[in-house]
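Asker: Supplied structure: target-v9.cif, mmCIF, C-alpha atoms.
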```cif
data_input
loop_
_atom_site.label_atom_id
_atom_site.label_comp_id
_atom_site.auth_asym_id
_atom_site.auth_seq_id
_atom_site.Cartn_x
_atom_site.Cartn_y
_atom_site.Cartn_z
CA MET A 12 0.00 0.00 0.00
CA SER A 13 1.04 3.56 -0.44
CA GLY A 14 0.16 5.29 2.80
CA GLY A 15 -3.12 6.85 1.74
CA GLN A 16 -1.85 8.55 -1.38
CA GLU A 17 -4.24 6.72 -3.64
CA ILE A 18 -7.09 8.33 -5.57
CA ILE A 19 -10.33 6.36 -5.72
CA LEU A 20 -12.89 6.86 -8.50
CA GLU A 21 -16.19 5.01 -8.61
CA PHE A 22 -18.74 4.95 -11.41
CA GLU A 23 -22.17 3.43 -11.88
CA LEU A 24 -22.58 1.89 -15.31
CA HIS A 25 -26.09 1.52 -16.70
CA ALA A 26 -27.10 -1.13 -19.20
CA ALA A 27 -27.66 -0.01 -22.80
CA ILE A 28 -27.20 3.73 -22.12
CA PHE A 29 -24.85 4.53 -24.98
CA ASP A 30 -24.92 8.32 -25.16
CA VAL A 31 -22.84 8.63 -21.98
CA ALA A 32 -20.84 5.44 -22.57
CA GLY A 33 -17.21 6.43 -22.24
CA GLU A 34 -17.77 9.26 -19.74
CA ALA A 35 -16.28 7.24 -16.89
CA SER A 36 -13.18 6.32 -18.85
CA SER A 37 -12.84 9.92 -19.98
CA LYS A 38 -12.86 11.07 -16.34
CA ILE A 39 -10.22 8.48 -15.44
CA LYS A 40 -8.04 9.69 -18.30
CA ARG A 41 -8.34 13.33 -17.16
CA VAL A 42 -7.36 12.49 -13.58
CA LEU A 43 -4.33 10.50 -14.76
CA GLN A 44 -3.28 13.43 -16.95
CA GLN A 45 -3.65 15.84 -14.03
CA ILE A 46 -1.34 13.80 -11.82
CA GLY A 47 1.24 13.52 -14.59
CA VAL A 48 1.23 9.82 -15.49
CA ARG A 49 3.10 9.07 -18.74
CA ALA A 50 0.96 9.47 -21.88
CA ASP A 51 1.58 5.95 -23.23
CA VAL A 52 0.61 4.46 -19.85
CA ILE A 53 -2.53 6.62 -19.70
CA ARG A 54 -3.46 5.43 -23.16
CA ARG A 55 -3.31 1.77 -22.07
CA ILE A 56 -5.37 2.47 -18.96
CA ALA A 57 -7.93 4.53 -20.89
CA ILE A 58 -8.36 1.87 -23.59
CA SER A 59 -8.75 -0.91 -21.00
CA ALA A 60 -11.23 1.11 -18.97
CA TYR A 61 -13.22 2.07 -22.05
CA GLU A 62 -13.41 -1.50 -23.36
CA GLY A 63 -14.55 -2.61 -19.91
CA GLU A 64 -17.06 0.20 -19.63
CA MET A 65 -18.51 -0.63 -23.07
CA ASN A 66 -18.62 -4.35 -22.25
CA THR A 67 -20.57 -3.68 -19.07
CA ILE A 68 -23.01 -1.38 -20.85
CA ILE A 69 -23.45 -3.80 -23.77
CA HIS A 70 -23.68 -7.14 -21.99
CA SER A 71 -24.77 -6.66 -18.38
CA LEU A 72 -27.82 -5.40 -16.55
CA GLY A 73 -25.65 -2.76 -14.92
CA GLY A 74 -22.53 -2.57 -12.85
CA THR A 75 -19.77 -0.50 -11.35
CA MET A 76 -16.25 0.51 -12.27
CA ARG A 77 -13.93 1.23 -9.37
CA VAL A 78 -10.54 2.71 -10.13
CA VAL A 79 -7.77 3.09 -7.58
CA ILE A 80 -4.81 5.17 -8.69
CA PHE A 81 -1.65 4.55 -6.66
CA PRO A 82 1.61 6.41 -7.29
CA GLU A 83 3.06 3.44 -9.17
CA ARG A 84 0.00 1.65 -10.55
CA THR A 85 -3.68 1.93 -11.46
CA GLU A 86 -6.19 -0.78 -10.58
CA ILE A 87 -9.53 -1.11 -12.37
CA ILE A 88 -12.27 -3.31 -10.96
CA LEU A 89 -15.40 -3.87 -13.04
CA GLU A 90 -18.29 -5.69 -11.43
CA ASP A 91 -21.63 -6.31 -13.04
CA ILE A 92 -24.92 -8.05 -12.53
CA GLY A 93 -26.01 -9.96 -15.58
CA PRO A 94 -25.90 -13.11 -17.64
CA GLY A 95 -22.25 -13.86 -16.88
CA ILE A 96 -19.93 -15.68 -19.26
CA ALA A 97 -20.36 -19.43 -19.68
CA ASP A 98 -16.98 -20.12 -21.28
CA ILE A 99 -14.31 -17.56 -20.39
CA ASN A 100 -11.65 -19.17 -22.60
CA LEU A 101 -13.97 -18.81 -25.57
CA ALA A 102 -14.81 -15.21 -24.65
CA MET A 103 -11.10 -14.40 -24.49
CA GLN A 104 -10.59 -15.51 -28.10
CA GLU A 105 -10.32 -12.68 -30.61
CA GLY A 106 -13.39 -12.63 -32.82
CA TYR A 107 -15.76 -14.39 -30.44
CA SER A 108 -18.70 -12.21 -29.49
CA THR A 109 -22.30 -12.50 -28.37
CA ALA A 110 -23.08 -8.83 -29.00
CA PRO A 111 -26.33 -8.00 -30.82
CA ASP A 112 -26.40 -6.34 -34.26
CA TYR A 113 -27.17 -2.84 -32.99
CA VAL A 114 -23.92 -2.92 -31.01
CA ARG A 115 -21.99 -4.09 -34.07
CA GLU A 116 -23.45 -1.16 -36.01
CA MET A 117 -21.77 1.16 -33.50
CA GLY A 118 -18.42 -0.45 -34.32
CA PHE A 119 -18.26 -2.73 -31.30
CA GLY A 120 -19.07 -6.35 -30.59
CA ALA A 121 -16.32 -7.76 -32.78
CA GLY A 122 -14.91 -9.95 -30.07
CA MET A 123 -11.87 -7.77 -29.46
CA GLY A 124 -12.75 -6.21 -26.11
CA LEU A 125 -11.57 -8.79 -23.57
CA PRO A 126 -8.39 -9.75 -25.46
CA ASN A 127 -7.58 -6.06 -25.92
CA MET A 128 -8.05 -5.41 -22.19
CA ALA A 129 -5.72 -8.30 -21.39
CA ARG A 130 -3.15 -7.01 -23.89
CA CYS A 131 -3.18 -3.43 -22.56
CA THR A 132 -2.83 -4.33 -18.90
CA ASP A 133 -0.03 -5.84 -16.78
CA LYS A 134 -2.42 -7.98 -14.75
CA PHE A 135 -5.82 -9.18 -15.93
CA ASP A 136 -8.19 -11.43 -14.04
CA ILE A 137 -11.77 -12.35 -14.94
CA GLN A 138 -14.28 -14.30 -12.92
CA SER A 139 -17.83 -14.98 -13.97
CA ALA A 140 -20.86 -16.92 -12.83
CA VAL A 141 -23.66 -17.66 -15.29
CA GLY A 142 -26.85 -15.88 -14.32
CA VAL A 143 -25.06 -13.83 -11.65
CA GLY A 144 -22.45 -11.56 -13.19
CA THR A 145 -18.85 -10.91 -14.08
CA LYS A 146 -15.92 -9.36 -12.24
CA ILE A 147 -12.78 -8.13 -13.97
CA MET A 148 -9.66 -6.89 -12.21
CA MET A 149 -6.91 -5.13 -14.12
CA VAL A 150 -3.64 -3.53 -13.07
CA VAL A 151 -1.42 -1.24 -15.11
CA PHE A 152 1.96 -0.19 -13.69
CA HIS A 153 2.88 3.44 -14.35
CA MET B 21 1.94 15.24 -43.06
CA LYS B 22 -0.11 18.00 -41.49
CA LEU B 23 -3.90 17.74 -41.28
CA LEU B 24 -4.07 20.80 -43.51
CA LYS B 25 -2.43 18.76 -46.28
CA VAL B 26 -4.79 15.84 -45.59
CA GLN B 27 -7.69 18.23 -46.06
CA GLU B 28 -6.30 19.24 -49.45
CA VAL B 29 -5.55 15.68 -50.61
CA LEU B 30 -9.06 14.49 -49.66
CA ASP B 31 -10.90 17.63 -50.86
CA ALA B 32 -12.26 17.64 -47.34
CA GLU B 33 -14.23 20.13 -45.33
CA VAL B 34 -13.28 20.86 -41.72
CA VAL B 35 -16.45 20.53 -39.63
CA GLY B 36 -14.82 20.85 -36.22
CA GLY B 37 -11.53 21.74 -34.58
CA LEU B 38 -10.15 24.07 -37.27
CA GLU B 39 -7.66 25.34 -34.69
CA TRP B 40 -5.90 21.95 -34.73
CA ILE B 41 -5.45 21.79 -38.51
CA ASP B 42 -1.68 22.14 -38.07
CA ARG B 43 -1.42 18.83 -36.23
CA GLU B 44 0.99 16.27 -37.60
CA VAL B 45 -0.44 12.97 -38.87
CA GLU B 46 2.02 10.10 -38.56
CA THR B 47 -0.06 7.10 -39.61
CA VAL B 48 -3.57 6.38 -40.90
CA CYS B 49 -6.24 3.82 -40.08
CA GLY B 50 -9.35 3.20 -42.19
CA ALA B 51 -11.98 1.33 -40.15
CA ASP B 52 -15.62 1.07 -39.21
CA LEU B 53 -14.75 -1.27 -36.39
CA MET B 54 -13.90 0.77 -33.31
CA SER B 55 -12.70 -2.36 -31.49
CA ASP B 56 -9.94 -2.70 -34.09
CA VAL B 57 -9.06 0.97 -33.74
CA LEU B 58 -8.73 0.52 -29.98
CA ALA B 59 -6.67 -2.64 -30.42
CA PHE B 60 -4.34 -1.74 -33.25
CA THR B 61 -3.72 1.98 -33.60
CA LYS B 62 -1.04 4.07 -31.98
CA GLU B 63 -1.09 7.72 -30.99
CA SER B 64 -0.97 10.38 -33.73
CA THR B 65 -2.99 8.13 -36.02
CA LEU B 66 -5.66 9.68 -38.23
CA LEU B 67 -8.91 7.69 -38.38
CA LEU B 68 -10.91 7.43 -41.61
CA THR B 69 -14.36 6.00 -40.99
CA GLY B 70 -17.90 5.76 -42.30
CA LEU B 71 -19.37 5.60 -38.82
CA THR B 72 -20.79 8.76 -37.27
CA ASN B 73 -21.93 7.65 -33.83
CA ILE B 74 -20.60 9.24 -30.66
CA GLN B 75 -18.41 6.22 -29.85
CA VAL B 76 -16.11 7.19 -32.72
CA VAL B 77 -15.13 10.31 -30.76
CA ARG B 78 -14.76 8.28 -27.55
CA THR B 79 -12.50 5.84 -29.36
CA ALA B 80 -10.42 8.71 -30.73
CA GLU B 81 -10.18 10.23 -27.26
CA MET B 82 -9.03 7.02 -25.55
CA SER B 83 -6.57 6.15 -28.31
CA ASP B 84 -5.06 9.66 -28.57
CA LEU B 85 -5.93 9.83 -32.26
CA VAL B 86 -4.91 12.97 -34.14
CA GLY B 87 -8.28 13.49 -35.83
CA ILE B 88 -11.23 11.88 -37.61
CA VAL B 89 -12.18 11.97 -41.30
CA PHE B 90 -15.74 10.94 -42.15
CA VAL B 91 -15.85 9.41 -45.63
CA ARG B 92 -18.55 9.24 -48.32
CA GLY B 93 -19.89 12.64 -47.29
CA LYS B 94 -21.25 11.40 -43.97
CA ARG B 95 -21.86 14.33 -41.66
CA PRO B 96 -21.58 14.01 -37.90
CA SER B 97 -24.37 15.27 -35.64
CA PRO B 98 -24.08 18.54 -33.69
CA GLU B 99 -23.76 16.41 -30.52
CA LEU B 100 -20.77 14.56 -31.96
CA ILE B 101 -19.16 17.82 -33.11
CA GLU B 102 -19.63 19.34 -29.65
CA LEU B 103 -18.12 16.30 -27.89
CA ALA B 104 -15.15 16.35 -30.28
CA ARG B 105 -14.66 20.06 -29.59
CA MET B 106 -14.51 19.37 -25.85
CA LYS B 107 -11.97 16.60 -26.47
CA ASN B 108 -9.81 18.69 -28.85
CA ILE B 109 -10.37 16.30 -31.76
CA PRO B 110 -10.53 17.84 -35.25
CA LEU B 111 -13.19 16.53 -37.66
CA LEU B 112 -13.11 16.46 -41.46
CA VAL B 113 -15.70 15.32 -44.01
CA THR B 114 -14.74 14.07 -47.48
CA GLN B 115 -17.04 13.04 -50.31
CA HIS B 116 -14.57 10.33 -51.33
CA SER B 117 -15.04 6.68 -50.35
CA LEU B 118 -12.95 4.98 -47.68
CA PHE B 119 -10.93 3.13 -50.35
CA GLU B 120 -10.32 6.25 -52.43
CA SER B 121 -9.40 8.29 -49.34
CA CYS B 122 -6.93 5.68 -48.09
CA GLY B 123 -5.45 5.41 -51.59
CA ARG B 124 -4.93 9.14 -51.90
CA LEU B 125 -3.20 9.38 -48.53
CA TYR B 126 -1.07 6.31 -49.23
CA SER B 127 -0.02 7.83 -52.55
CA ASN B 128 1.07 10.89 -50.59
CA ASP B 129 3.44 8.77 -48.49
CA LEU B 130 1.27 8.27 -45.42
CA LYS B 131 1.52 4.75 -44.04
CA SER B 132 -0.75 2.40 -42.15
CA CYS B 133 -0.79 2.38 -38.38
CA ASP B 134 1.28 -0.55 -37.16
CA LEU B 135 -0.84 -3.69 -37.03
CA LEU B 136 1.56 -5.62 -34.83
#
```
Represent the structure contained in this file as structure tokens.

Answerer:
Amino acid sequence: MSGGQEIILEFELHAAIFDVAGEASSKIKRVLQQIGVRADVIRRIAISAYEGEMNTIIHSLGGTMRVVIFPERTEIILEDIGPGIADINLAMQEGYSTAPDYVREMGFGAGMGLPNMARCTDKFDIQSAVGVGTKIMMVVFH
Amino acid sequence: MKLLKVQEVLDAEVVGGLEWIDREVETVCGADLMSDVLAFTKESTLLLTGLTNIQVVRTAEMSDLVGIVFVRGKRPSPELIELARMKNIPLLVTQHSLFESCGRLYSNDLKSCDLL
């Protein structure tokens, strides 16, 4: 731990509300810029957060994103209530998606979200229970 | 290449962020799939797209893109233009197709964003 120097940001994410989708990730990006984290690191955090935010809005019934910014790392915890993921290995494969057509028309739902989150982060953990929800924990070192 | 030159090469109209027309474009990505843009672009990439929903601006914001060109004469909504203004993202509209636009920029020595 870092002796209370961390910044905590918490966001409610609502299912299928797309006009504000990305607001949470945008706020996270601004805070990281204000405290002077390196631009390439911010970019990886912002992309991971945004993919997670979109996933929650697209697939779940609603959830939260909790971000803890330490001096040397940022942690992102996404937790949702929803259908869950039956086969996580399958969901982690590039190109696999269960997103509906209207999401694909927005340029998402191509099965790139989870693999991209894993690629952009230093630690990535996903747990899911069918009919209950999904929890994703990510860490990016600054 | 500066955005100003991109505007000329694509016969494009600037519909937002004229004050950033001097920005340097290093690489280009033509895509309607924002997931691919998030996964494969790097900063200072110019996005050419036929999509005009608000998530295009969000994607550009998160990926530190240098600007967005809407192809085939597609015009973004006032809401999209306003969001892009707040995020300092310049917007151009060209009547040319995605293929034609990419071809013109490639012929002017702009290269693809790194896919690896």

Asker: Give as a PyMOL selection string the residues that the PyMOL selection byres ((chain A) within 10 of (chain B)) matches when applied to the coordinates above.

Answerer: chain A and resi 29-34+36-37+40+50-51+53-62+65+115-124+126-128+130-131

Asker: Please write the residues from the selection above to a file, keeping C-alpha atoms, as a CSV table (one decimal), in the frame of the given file.

Answerer:
```
chain,number,residue,atom,x,y,z
A,29,PHE,CA,-24.8,4.5,-25.0
A,30,ASP,CA,-24.9,8.3,-25.2
A,31,VAL,CA,-22.8,8.6,-22.0
A,32,ALA,CA,-20.8,5.4,-22.6
A,33,GLY,CA,-17.2,6.4,-22.2
A,34,GLU,CA,-17.8,9.3,-19.7
A,36,SER,CA,-13.2,6.3,-18.8
A,37,SER,CA,-12.8,9.9,-20.0
A,40,LYS,CA,-8.0,9.7,-18.3
A,50,ALA,CA,1.0,9.5,-21.9
A,51,ASP,CA,1.6,6.0,-23.2
A,53,ILE,CA,-2.5,6.6,-19.7
A,54,ARG,CA,-3.5,5.4,-23.2
A,55,ARG,CA,-3.3,1.8,-22.1
A,56,ILE,CA,-5.4,2.5,-19.0
A,57,ALA,CA,-7.9,4.5,-20.9
A,58,ILE,CA,-8.4,1.9,-23.6
A,59,SER,CA,-8.8,-0.9,-21.0
A,60,ALA,CA,-11.2,1.1,-19.0
A,61,TYR,CA,-13.2,2.1,-22.0
A,62,GLU,CA,-13.4,-1.5,-23.4
A,65,MET,CA,-18.5,-0.6,-23.1
A,115,ARG,CA,-22.0,-4.1,-34.1
A,116,GLU,CA,-23.4,-1.2,-36.0
A,117,MET,CA,-21.8,1.2,-33.5
A,118,GLY,CA,-18.4,-0.4,-34.3
A,119,PHE,CA,-18.3,-2.7,-31.3
A,120,GLY,CA,-19.1,-6.4,-30.6
A,121,ALA,CA,-16.3,-7.8,-32.8
A,122,GLY,CA,-14.9,-10.0,-30.1
A,123,MET,CA,-11.9,-7.8,-29.5
A,124,GLY,CA,-12.8,-6.2,-26.1
A,126,PRO,CA,-8.4,-9.8,-25.5
A,127,ASN,CA,-7.6,-6.1,-25.9
A,128,MET,CA,-8.0,-5.4,-22.2
A,130,ARG,CA,-3.2,-7.0,-23.9
A,131,CYS,CA,-3.2,-3.4,-22.6
```

Asker: Please tell me which residues are no farther than 8 Å from (-8.6, -7.2, -13.6) in the file, counting all atoms listed in the file, and write them as a PDB file with C-alpha atoms, in the frame of the given file.

Answerer:
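Below is the file out37.pdb, written as the result:
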```
ATOM      1  CA  GLU A  86      -6.190  -0.780 -10.580  1.00  0.00           C
ATOM      2  CA  ILE A  87      -9.530  -1.110 -12.370  1.00  0.00           C
ATOM      3  CA  ILE A  88     -12.270  -3.310 -10.960  1.00  0.00           C
ATOM      4  CA  LEU A  89     -15.400  -3.870 -13.040  1.00  0.00           C
ATOM      5  CA  LYS A 134      -2.420  -7.980 -14.750  1.00  0.00           C
ATOM      6  CA  PHE A 135      -5.820  -9.180 -15.930  1.00  0.00           C
ATOM      7  CA  ASP A 136      -8.190 -11.430 -14.040  1.00  0.00           C
ATOM      8  CA  ILE A 137     -11.770 -12.350 -14.940  1.00  0.00           C
ATOM      9  CA  LYS A 146     -15.920  -9.360 -12.240  1.00  0.00           C
ATOM     10  CA  ILE A 147     -12.780  -8.130 -13.970  1.00  0.00           C
ATOM     11  CA  MET A 148      -9.660  -6.890 -12.210  1.00  0.00           C
ATOM     12  CA  MET A 149      -6.910  -5.130 -14.120  1.00  0.00           C
ATOM     13  CA  VAL A 150      -3.640  -3.530 -13.070  1.00  0.00           C
TER      14      VAL A 150
END
```

Asker: Could you tell me how far atom CA of A:Arg41 lies from atom CA of A:Ile80, in Å and to one decimal?

Answerer: 12.3 Å

Asker: Rank nothing, just name the residue among B:Leu30, B:Val86, B:Val35, B:Ala104 nearest to B:Cys122, using all atoms listed in the file.

Answerer: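 When distances to B:Cys122 are compared using all atoms listed in the file, the smallest one comes from B:Leu30.
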
Asker: Could you tell me which of A:Leu125, A:Ile46, A:Leu101, A:Ala35 comes closest to A:Met76 if we count all atoms listed in the file?

Answerer: A:Ala35

Asker: Using atom CA of A:Pro82 and atom CA of B:Met106 as the two end points, give the distance in Å to one decimal.

Answerer: 27.8 Å

Asker: Of the candidates A:Thr85, A:Asn100, A:Gln138, A:Ser108, which shows the shortest atom-to-atom distance to A:His153, using all atoms listed in the file?

Answerer: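 Nearest to A:His153: A:Thr85.
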
Asker: Given the file shown, enumerate the residues that the PyMOL selection byres ((chain A and resi 92) around 7) captures and present them as a VMD selection string.

Answerer: chain A and resid 71 to 74 91 93 143 to 145

Asker: Please write the residues picked by the PyMOL selection byres ((chain B and resi 67) around 7) on this file as a PyMOL selection string.

Answerer: chain B and resi 48-50+65-66+68-69+87-89

Asker: Give me a file of those residues, with C-alpha atoms, as a PDB file, in the frame of the given file.

Answerer:
```pdb
ATOM      1  CA  VAL B  48      -3.570   6.380 -40.900  1.00  0.00           C
ATOM      2  CA  CYS B  49      -6.240   3.820 -40.080  1.00  0.00           C
ATOM      3  CA  GLY B  50      -9.350   3.200 -42.190  1.00  0.00           C
ATOM      4  CA  THR B  65      -2.990   8.130 -36.020  1.00  0.00           C
ATOM      5  CA  LEU B  66      -5.660   9.680 -38.230  1.00  0.00           C
ATOM      6  CA  LEU B  68     -10.910   7.430 -41.610  1.00  0.00           C
ATOM      7  CA  THR B  69     -14.360   6.000 -40.990  1.00  0.00           C
ATOM      8  CA  GLY B  87      -8.280  13.490 -35.830  1.00  0.00           C
ATOM      9  CA  ILE B  88     -11.230  11.880 -37.610  1.00  0.00           C
ATOM     10  CA  VAL B  89     -12.180  11.970 -41.300  1.00  0.00           C
TER      11      VAL B  89
END
```

Asker: Can you tell me, as a count of residues only, what residues are no more than 10 Å from B:Asp31 when counting only C-alpha atoms, ignoring any on the same chain fewer than 6 positions away?

Answerer: 7

Asker: Around (-24.4, -19.9, -16.4), as given in the file, which residues come within 12 Å? Count only C-alpha atoms and list them as a ChimeraX atom specification.

Answerer: /A:93-99,139-145

Asker: Keeping only C-alpha atoms, write the selected residues as a short mmCIF file (atom, residue, chain, number, x, y, z; two decimals), keeping the file's coordinate frame.

Answerer:
```cif
data_model
loop_
_atom_site.label_atom_id
_atom_site.label_comp_id
_atom_site.auth_asym_id
_atom_site.auth_seq_id
_atom_site.Cartn_x
_atom_site.Cartn_y
_atom_site.Cartn_z
CA GLY A 93 -26.01 -9.96 -15.58
CA PRO A 94 -25.90 -13.11 -17.64
CA GLY A 95 -22.25 -13.86 -16.88
CA ILE A 96 -19.93 -15.68 -19.26
CA ALA A 97 -20.36 -19.43 -19.68
CA ASP A 98 -16.98 -20.12 -21.28
CA ILE A 99 -14.31 -17.56 -20.39
CA SER A 139 -17.83 -14.98 -13.97
CA ALA A 140 -20.86 -16.92 -12.83
CA VAL A 141 -23.66 -17.66 -15.29
CA GLY A 142 -26.85 -15.88 -14.32
CA VAL A 143 -25.06 -13.83 -11.65
CA GLY A 144 -22.45 -11.56 -13.19
CA THR A 145 -18.85 -10.91 -14.08
#
```

Asker: Nearest residue to B:Gly36 out of B:Ile101, B:Met21, B:Leu125, B:Leu130, using only C-alpha atoms?

Answerer: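 Ranking B:Ile101, B:Met21, B:Leu125, B:Leu130 by distance to B:Gly36, first place goes to B:Ile101.
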
Asker: Using only C-alpha atoms, which of B:Phe90, B:Gly37, B:Ala80, B:Gln27 sits nearest B:Glu102?

Answerer: B:Gly37

Asker: Quick one: everything within 6 Å of B:Ser64, counting all atoms listed in the file, minus sequence neighbours fewer than 2 positions away in the same chain. Send it as a PDB file with C-alpha atoms, in the frame of the given file.

Answerer:
```pdb
ATOM      1  CA  VAL B  45      -0.440  12.970 -38.870  1.00  0.00           C
ATOM      2  CA  GLU B  46       2.020  10.100 -38.560  1.00  0.00           C
ATOM      3  CA  LEU B  85      -5.930   9.830 -32.260  1.00  0.00           C
ATOM      4  CA  VAL B  86      -4.910  12.970 -34.140  1.00  0.00           C
TER       5      VAL B  86
END
```

Asker: Just add N, CA and C atoms to stretch 14-34 of chain A and send it as a PDB file, in the coordinates of the input.

Answerer:
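This went into part-v8.pdb:
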```
ATOM      1  N   GLY A  14       0.304   4.291   1.750  1.00  0.00           N
ATOM      2  CA  GLY A  14       0.160   5.290   2.800  1.00  0.00           C
ATOM      3  C   GLY A  14      -0.881   6.345   2.522  1.00  0.00           C
ATOM      4  N   GLY A  15      -2.001   5.934   1.916  1.00  0.00           N
ATOM      5  CA  GLY A  15      -3.120   6.850   1.740  1.00  0.00           C
ATOM      6  C   GLY A  15      -2.955   7.862   0.638  1.00  0.00           C
ATOM      7  N   GLN A  16      -2.012   7.610  -0.274  1.00  0.00           N
ATOM      8  CA  GLN A  16      -1.850   8.550  -1.380  1.00  0.00           C
ATOM      9  C   GLN A  16      -2.734   8.218  -2.572  1.00  0.00           C
ATOM     10  N   GLU A  17      -3.498   7.143  -2.457  1.00  0.00           N
ATOM     11  CA  GLU A  17      -4.240   6.720  -3.640  1.00  0.00           C
ATOM     12  C   GLU A  17      -5.477   7.594  -3.886  1.00  0.00           C
ATOM     13  N   ILE A  18      -5.868   7.639  -5.150  1.00  0.00           N
ATOM     14  CA  ILE A  18      -7.090   8.330  -5.570  1.00  0.00           C
ATOM     15  C   ILE A  18      -8.094   7.261  -5.967  1.00  0.00           C
ATOM     16  N   ILE A  19      -9.306   7.366  -5.424  1.00  0.00           N
ATOM     17  CA  ILE A  19     -10.330   6.360  -5.720  1.00  0.00           C
ATOM     18  C   ILE A  19     -11.446   7.005  -6.537  1.00  0.00           C
ATOM     19  N   LEU A  20     -11.791   6.380  -7.657  1.00  0.00           N
ATOM     20  CA  LEU A  20     -12.890   6.860  -8.500  1.00  0.00           C
ATOM     21  C   LEU A  20     -13.890   5.722  -8.647  1.00  0.00           C
ATOM     22  N   GLU A  21     -15.163   6.048  -8.473  1.00  0.00           N
ATOM     23  CA  GLU A  21     -16.190   5.010  -8.610  1.00  0.00           C
ATOM     24  C   GLU A  21     -17.288   5.489  -9.543  1.00  0.00           C
ATOM     25  N   PHE A  22     -17.719   4.592 -10.420  1.00  0.00           N
ATOM     26  CA  PHE A  22     -18.740   4.950 -11.410  1.00  0.00           C
ATOM     27  C   PHE A  22     -19.816   3.876 -11.466  1.00  0.00           C
ATOM     28  N   GLU A  23     -21.063   4.338 -11.593  1.00  0.00           N
ATOM     29  CA  GLU A  23     -22.170   3.430 -11.880  1.00  0.00           C
ATOM     30  C   GLU A  23     -22.301   3.307 -13.385  1.00  0.00           C
ATOM     31  N   LEU A  24     -22.407   2.087 -13.875  1.00  0.00           N
ATOM     32  CA  LEU A  24     -22.580   1.890 -15.310  1.00  0.00           C
ATOM     33  C   LEU A  24     -23.959   1.288 -15.569  1.00  0.00           C
ATOM     34  N   HIS A  25     -24.707   1.940 -16.450  1.00  0.00           N
ATOM     35  CA  HIS A  25     -26.090   1.520 -16.700  1.00  0.00           C
ATOM     36  C   HIS A  25     -26.196   0.771 -18.018  1.00  0.00           C
ATOM     37  N   ALA A  26     -26.965  -0.302 -18.002  1.00  0.00           N
ATOM     38  CA  ALA A  26     -27.100  -1.130 -19.200  1.00  0.00           C
ATOM     39  C   ALA A  26     -27.707  -0.343 -20.354  1.00  0.00           C
ATOM     40  N   ALA A  27     -27.104  -0.506 -21.529  1.00  0.00           N
ATOM     41  CA  ALA A  27     -27.660  -0.010 -22.800  1.00  0.00           C
ATOM     42  C   ALA A  27     -27.856   1.508 -22.852  1.00  0.00           C
ATOM     43  N   ILE A  28     -27.151   2.269 -22.013  1.00  0.00           N
ATOM     44  CA  ILE A  28     -27.200   3.730 -22.120  1.00  0.00           C
ATOM     45  C   ILE A  28     -25.932   4.164 -22.855  1.00  0.00           C
ATOM     46  N   PHE A  29     -26.055   4.361 -24.160  1.00  0.00           N
ATOM     47  CA  PHE A  29     -24.850   4.530 -24.980  1.00  0.00           C
ATOM     48  C   PHE A  29     -24.413   5.983 -25.151  1.00  0.00           C
ATOM     49  N   ASP A  30     -25.320   6.933 -24.896  1.00  0.00           N
ATOM     50  CA  ASP A  30     -24.920   8.320 -25.160  1.00  0.00           C
ATOM     51  C   ASP A  30     -23.891   8.821 -24.140  1.00  0.00           C
ATOM     52  N   VAL A  31     -23.869   8.247 -22.946  1.00  0.00           N
ATOM     53  CA  VAL A  31     -22.840   8.630 -21.980  1.00  0.00           C
ATOM     54  C   VAL A  31     -21.755   7.550 -21.823  1.00  0.00           C
ATOM     55  N   ALA A  32     -21.850   6.502 -22.639  1.00  0.00           N
ATOM     56  CA  ALA A  32     -20.840   5.440 -22.570  1.00  0.00           C
ATOM     57  C   ALA A  32     -19.478   6.015 -22.919  1.00  0.00           C
ATOM     58  N   GLY A  33     -18.536   5.858 -22.031  1.00  0.00           N
ATOM     59  CA  GLY A  33     -17.210   6.430 -22.240  1.00  0.00           C
ATOM     60  C   GLY A  33     -16.919   7.589 -21.303  1.00  0.00           C
ATOM     61  N   GLU A  34     -17.964   8.120 -20.662  1.00  0.00           N
ATOM     62  CA  GLU A  34     -17.770   9.260 -19.740  1.00  0.00           C
ATOM     63  C   GLU A  34     -16.865   8.871 -18.562  1.00  0.00           C
TER      64      GLU A  34
END
```
